[in-house]
file query_4.cif (mmCIF, N, CA and C atoms)
data_protein
#
loop_
_atom_site.label_atom_id
_atom_site.label_comp_id
_atom_site.auth_asym_id
_atom_site.auth_seq_id
_atom_site.Cartn_x
_atom_site.Cartn_y
_atom_site.Cartn_z
N MET A 1 10.31 13.59 1.61
CA MET A 1 10.18 12.23 2.06
C MET A 1 9.04 12.18 3.07
N CYS A 2 8.25 11.13 3.00
CA CYS A 2 7.09 10.97 3.86
C CYS A 2 7.31 9.81 4.83
N CYS A 3 6.79 9.94 5.98
CA CYS A 3 6.93 8.88 6.99
C CYS A 3 5.57 8.60 7.60
N PHE A 4 5.20 7.32 7.69
CA PHE A 4 3.95 6.93 8.31
C PHE A 4 4.24 6.34 9.67
N VAL A 5 3.45 6.72 10.64
CA VAL A 5 3.63 6.23 12.00
C VAL A 5 2.29 5.72 12.49
N ALA A 6 2.31 4.57 13.10
CA ALA A 6 1.11 4.04 13.75
C ALA A 6 1.50 3.71 15.17
N GLU A 7 0.83 4.34 16.12
CA GLU A 7 1.15 4.12 17.53
C GLU A 7 0.58 2.78 17.98
N GLN A 8 1.43 1.99 18.62
CA GLN A 8 1.01 0.72 19.19
C GLN A 8 1.75 0.53 20.49
N SER A 9 1.08 -0.07 21.45
CA SER A 9 1.75 -0.33 22.71
C SER A 9 2.82 -1.40 22.51
N ASN A 10 3.90 -1.24 23.22
CA ASN A 10 5.00 -2.19 23.11
C ASN A 10 5.44 -2.54 24.53
N PRO A 11 4.95 -3.66 25.07
CA PRO A 11 5.24 -3.99 26.46
C PRO A 11 6.70 -4.31 26.71
N VAL A 12 7.47 -4.62 25.67
CA VAL A 12 8.86 -4.98 25.84
C VAL A 12 9.77 -3.76 25.85
N GLY A 13 9.37 -2.72 25.14
CA GLY A 13 10.19 -1.52 25.06
C GLY A 13 10.78 -1.34 23.68
N ASP A 14 11.59 -0.29 23.52
CA ASP A 14 12.16 0.04 22.21
C ASP A 14 13.06 -1.05 21.65
N ALA A 15 13.63 -1.88 22.49
CA ALA A 15 14.52 -2.94 21.99
C ALA A 15 13.77 -3.93 21.12
N ALA A 16 12.46 -3.98 21.23
CA ALA A 16 11.66 -4.93 20.46
C ALA A 16 11.06 -4.28 19.21
N TYR A 17 11.57 -3.11 18.83
CA TYR A 17 11.03 -2.39 17.68
C TYR A 17 11.26 -3.19 16.40
N HIS A 18 10.23 -3.29 15.59
CA HIS A 18 10.32 -3.93 14.27
C HIS A 18 9.68 -2.99 13.26
N PRO A 19 10.35 -2.69 12.16
CA PRO A 19 9.76 -1.81 11.15
C PRO A 19 8.55 -2.48 10.49
N PHE A 20 7.75 -1.67 9.84
CA PHE A 20 6.59 -2.20 9.13
C PHE A 20 7.03 -3.15 8.03
N THR A 21 6.28 -4.21 7.86
CA THR A 21 6.47 -5.10 6.71
C THR A 21 5.75 -4.48 5.52
N PRO A 22 6.00 -4.98 4.32
CA PRO A 22 5.25 -4.45 3.17
C PRO A 22 3.73 -4.55 3.37
N ASP A 23 3.26 -5.66 3.93
CA ASP A 23 1.82 -5.80 4.17
C ASP A 23 1.33 -4.79 5.20
N ASP A 24 2.14 -4.52 6.23
CA ASP A 24 1.78 -3.51 7.22
C ASP A 24 1.62 -2.14 6.57
N ARG A 25 2.55 -1.79 5.69
CA ARG A 25 2.49 -0.48 5.03
C ARG A 25 1.24 -0.35 4.18
N VAL A 26 0.88 -1.42 3.47
CA VAL A 26 -0.33 -1.40 2.65
C VAL A 26 -1.57 -1.25 3.53
N ARG A 27 -1.60 -1.96 4.65
CA ARG A 27 -2.73 -1.87 5.57
C ARG A 27 -2.85 -0.46 6.15
N VAL A 28 -1.73 0.10 6.61
CA VAL A 28 -1.75 1.44 7.20
C VAL A 28 -2.15 2.48 6.14
N LEU A 29 -1.61 2.37 4.94
CA LEU A 29 -1.96 3.32 3.88
C LEU A 29 -3.45 3.22 3.56
N GLY A 30 -3.98 2.01 3.48
CA GLY A 30 -5.41 1.84 3.24
C GLY A 30 -6.25 2.45 4.34
N ASP A 31 -5.79 2.28 5.60
CA ASP A 31 -6.50 2.89 6.73
C ASP A 31 -6.44 4.41 6.66
N LEU A 32 -5.26 4.96 6.36
CA LEU A 32 -5.11 6.42 6.30
C LEU A 32 -5.94 7.03 5.19
N LEU A 33 -5.99 6.36 4.04
CA LEU A 33 -6.75 6.88 2.90
C LEU A 33 -8.23 6.55 3.00
N GLY A 34 -8.58 5.60 3.85
CA GLY A 34 -9.97 5.17 3.95
C GLY A 34 -10.40 4.35 2.76
N ALA A 35 -9.44 3.74 2.06
CA ALA A 35 -9.74 2.98 0.85
C ALA A 35 -8.83 1.75 0.74
N PRO A 36 -8.96 0.80 1.67
CA PRO A 36 -8.06 -0.35 1.65
C PRO A 36 -8.17 -1.19 0.37
N ASP A 37 -9.36 -1.28 -0.20
CA ASP A 37 -9.53 -2.06 -1.43
C ASP A 37 -8.79 -1.42 -2.60
N MET A 38 -8.84 -0.08 -2.67
CA MET A 38 -8.13 0.62 -3.74
C MET A 38 -6.62 0.41 -3.61
N VAL A 39 -6.09 0.50 -2.39
CA VAL A 39 -4.66 0.30 -2.18
C VAL A 39 -4.26 -1.12 -2.57
N ALA A 40 -5.08 -2.10 -2.23
CA ALA A 40 -4.79 -3.49 -2.60
C ALA A 40 -4.82 -3.67 -4.11
N ASP A 41 -5.79 -3.03 -4.79
CA ASP A 41 -5.86 -3.11 -6.25
C ASP A 41 -4.62 -2.50 -6.90
N ILE A 42 -4.20 -1.34 -6.42
CA ILE A 42 -3.01 -0.69 -6.99
C ILE A 42 -1.78 -1.58 -6.78
N ARG A 43 -1.66 -2.17 -5.61
CA ARG A 43 -0.52 -3.05 -5.34
C ARG A 43 -0.51 -4.25 -6.29
N ARG A 44 -1.69 -4.85 -6.50
CA ARG A 44 -1.81 -5.99 -7.42
C ARG A 44 -1.44 -5.60 -8.84
N GLN A 45 -1.94 -4.46 -9.29
CA GLN A 45 -1.66 -4.00 -10.66
C GLN A 45 -0.18 -3.72 -10.84
N CYS A 46 0.44 -3.08 -9.87
CA CYS A 46 1.87 -2.79 -9.97
C CYS A 46 2.70 -4.07 -9.97
N ALA A 47 2.30 -5.04 -9.17
CA ALA A 47 3.03 -6.31 -9.11
C ALA A 47 2.93 -7.06 -10.43
N ALA A 48 1.84 -6.87 -11.16
CA ALA A 48 1.63 -7.57 -12.43
C ALA A 48 2.39 -6.93 -13.59
N LEU A 49 2.78 -5.68 -13.47
CA LEU A 49 3.42 -4.96 -14.58
C LEU A 49 4.66 -5.66 -15.15
N PRO A 50 5.61 -6.11 -14.33
CA PRO A 50 6.82 -6.70 -14.92
C PRO A 50 6.57 -7.96 -15.75
N GLU A 51 5.51 -8.68 -15.46
CA GLU A 51 5.26 -9.95 -16.14
C GLU A 51 4.31 -9.84 -17.34
N THR A 52 3.67 -8.70 -17.50
CA THR A 52 2.68 -8.59 -18.57
C THR A 52 3.33 -8.34 -19.92
N ALA A 53 2.73 -8.90 -20.95
CA ALA A 53 3.22 -8.69 -22.31
C ALA A 53 2.74 -7.35 -22.86
N ASP A 54 1.60 -6.88 -22.38
CA ASP A 54 1.03 -5.62 -22.84
C ASP A 54 0.51 -4.86 -21.61
N ALA A 55 1.21 -3.85 -21.21
CA ALA A 55 0.90 -3.13 -19.98
C ALA A 55 -0.23 -2.11 -20.15
N ARG A 56 -0.76 -1.99 -21.34
CA ARG A 56 -1.76 -0.96 -21.62
C ARG A 56 -2.96 -1.02 -20.66
N ASP A 57 -3.55 -2.21 -20.49
CA ASP A 57 -4.73 -2.32 -19.63
C ASP A 57 -4.39 -2.03 -18.16
N LEU A 58 -3.23 -2.53 -17.71
CA LEU A 58 -2.83 -2.28 -16.33
C LEU A 58 -2.58 -0.79 -16.08
N LEU A 59 -1.91 -0.15 -17.01
CA LEU A 59 -1.65 1.28 -16.86
C LEU A 59 -2.93 2.10 -16.93
N ARG A 60 -3.86 1.68 -17.77
CA ARG A 60 -5.15 2.36 -17.86
C ARG A 60 -5.89 2.24 -16.53
N ALA A 61 -5.86 1.06 -15.94
CA ALA A 61 -6.53 0.86 -14.64
C ALA A 61 -5.87 1.70 -13.56
N LEU A 62 -4.55 1.77 -13.56
CA LEU A 62 -3.84 2.60 -12.59
C LEU A 62 -4.17 4.08 -12.80
N GLY A 63 -4.27 4.48 -14.05
CA GLY A 63 -4.56 5.87 -14.37
C GLY A 63 -5.99 6.28 -14.00
N SER A 64 -6.87 5.30 -13.86
CA SER A 64 -8.25 5.64 -13.54
C SER A 64 -8.44 5.98 -12.07
N VAL A 65 -7.44 5.71 -11.25
CA VAL A 65 -7.51 6.06 -9.82
C VAL A 65 -7.11 7.53 -9.71
N THR A 66 -8.10 8.38 -9.57
CA THR A 66 -7.80 9.82 -9.57
C THR A 66 -7.90 10.46 -8.20
N HIS A 67 -8.75 9.95 -7.35
CA HIS A 67 -8.88 10.53 -6.01
C HIS A 67 -9.56 9.54 -5.08
N VAL A 68 -9.45 9.84 -3.81
CA VAL A 68 -10.05 9.01 -2.77
C VAL A 68 -11.24 9.76 -2.18
N HIS A 69 -12.33 9.07 -2.00
CA HIS A 69 -13.53 9.70 -1.40
C HIS A 69 -13.47 9.59 0.10
#
call {"tool": "encode", "arguments": {"input": "query_4.cif", "output": "structure tokens"}}
result
Amino acid sequence: MCCFVAEQSNPVGDAAYHPFTPDDRVRVLGDLLGAPDMVADIRRQCAALPETADARDLLRALGSVTHVH
């Protein structure tokens, strides 16, 4: 299991802790990988999978992401 942590000042203290939202996780992952556009594209493609009649093109696009520069 993997855990992402981003340090941020919290003037209120631990009682004001809020977990990352889905958008926060995508932003942090994009920052960590140095490829925010790629992370956004993957998220869009995955979101489109359940509604598509033919997933071939979406899966091909997902499969073309092989590494991060």
call {"tool": "axis_aligned_box", "arguments": {"input": "query_4.cif", "around": "stretch 18-23 of chain A", "padding_each_side": "8 Å", "output": "JSON"}}
result
{"center_x": 5.8, "center_y": -3.7, "center_z": 9.4, "size_x": 25.0, "size_y": 20.1, "size_z": 28.4}
call {"tool": "closest_residue", "arguments": {"input": "query_4.cif", "among": "A:Leu59, A:Val26, A:Glu51, A:Glu7", "to": "A:Val39", "atoms": "only N, CA and C atoms"}}
result
A:Val26
call {"tool": "resolve_selection", "arguments": {"input": "query_4.cif", "expression": "the PyMOL selection byres (((chain A and resi 42 and name CA) around 12) and name CA)", "output": "count of residues only"}}
result
26
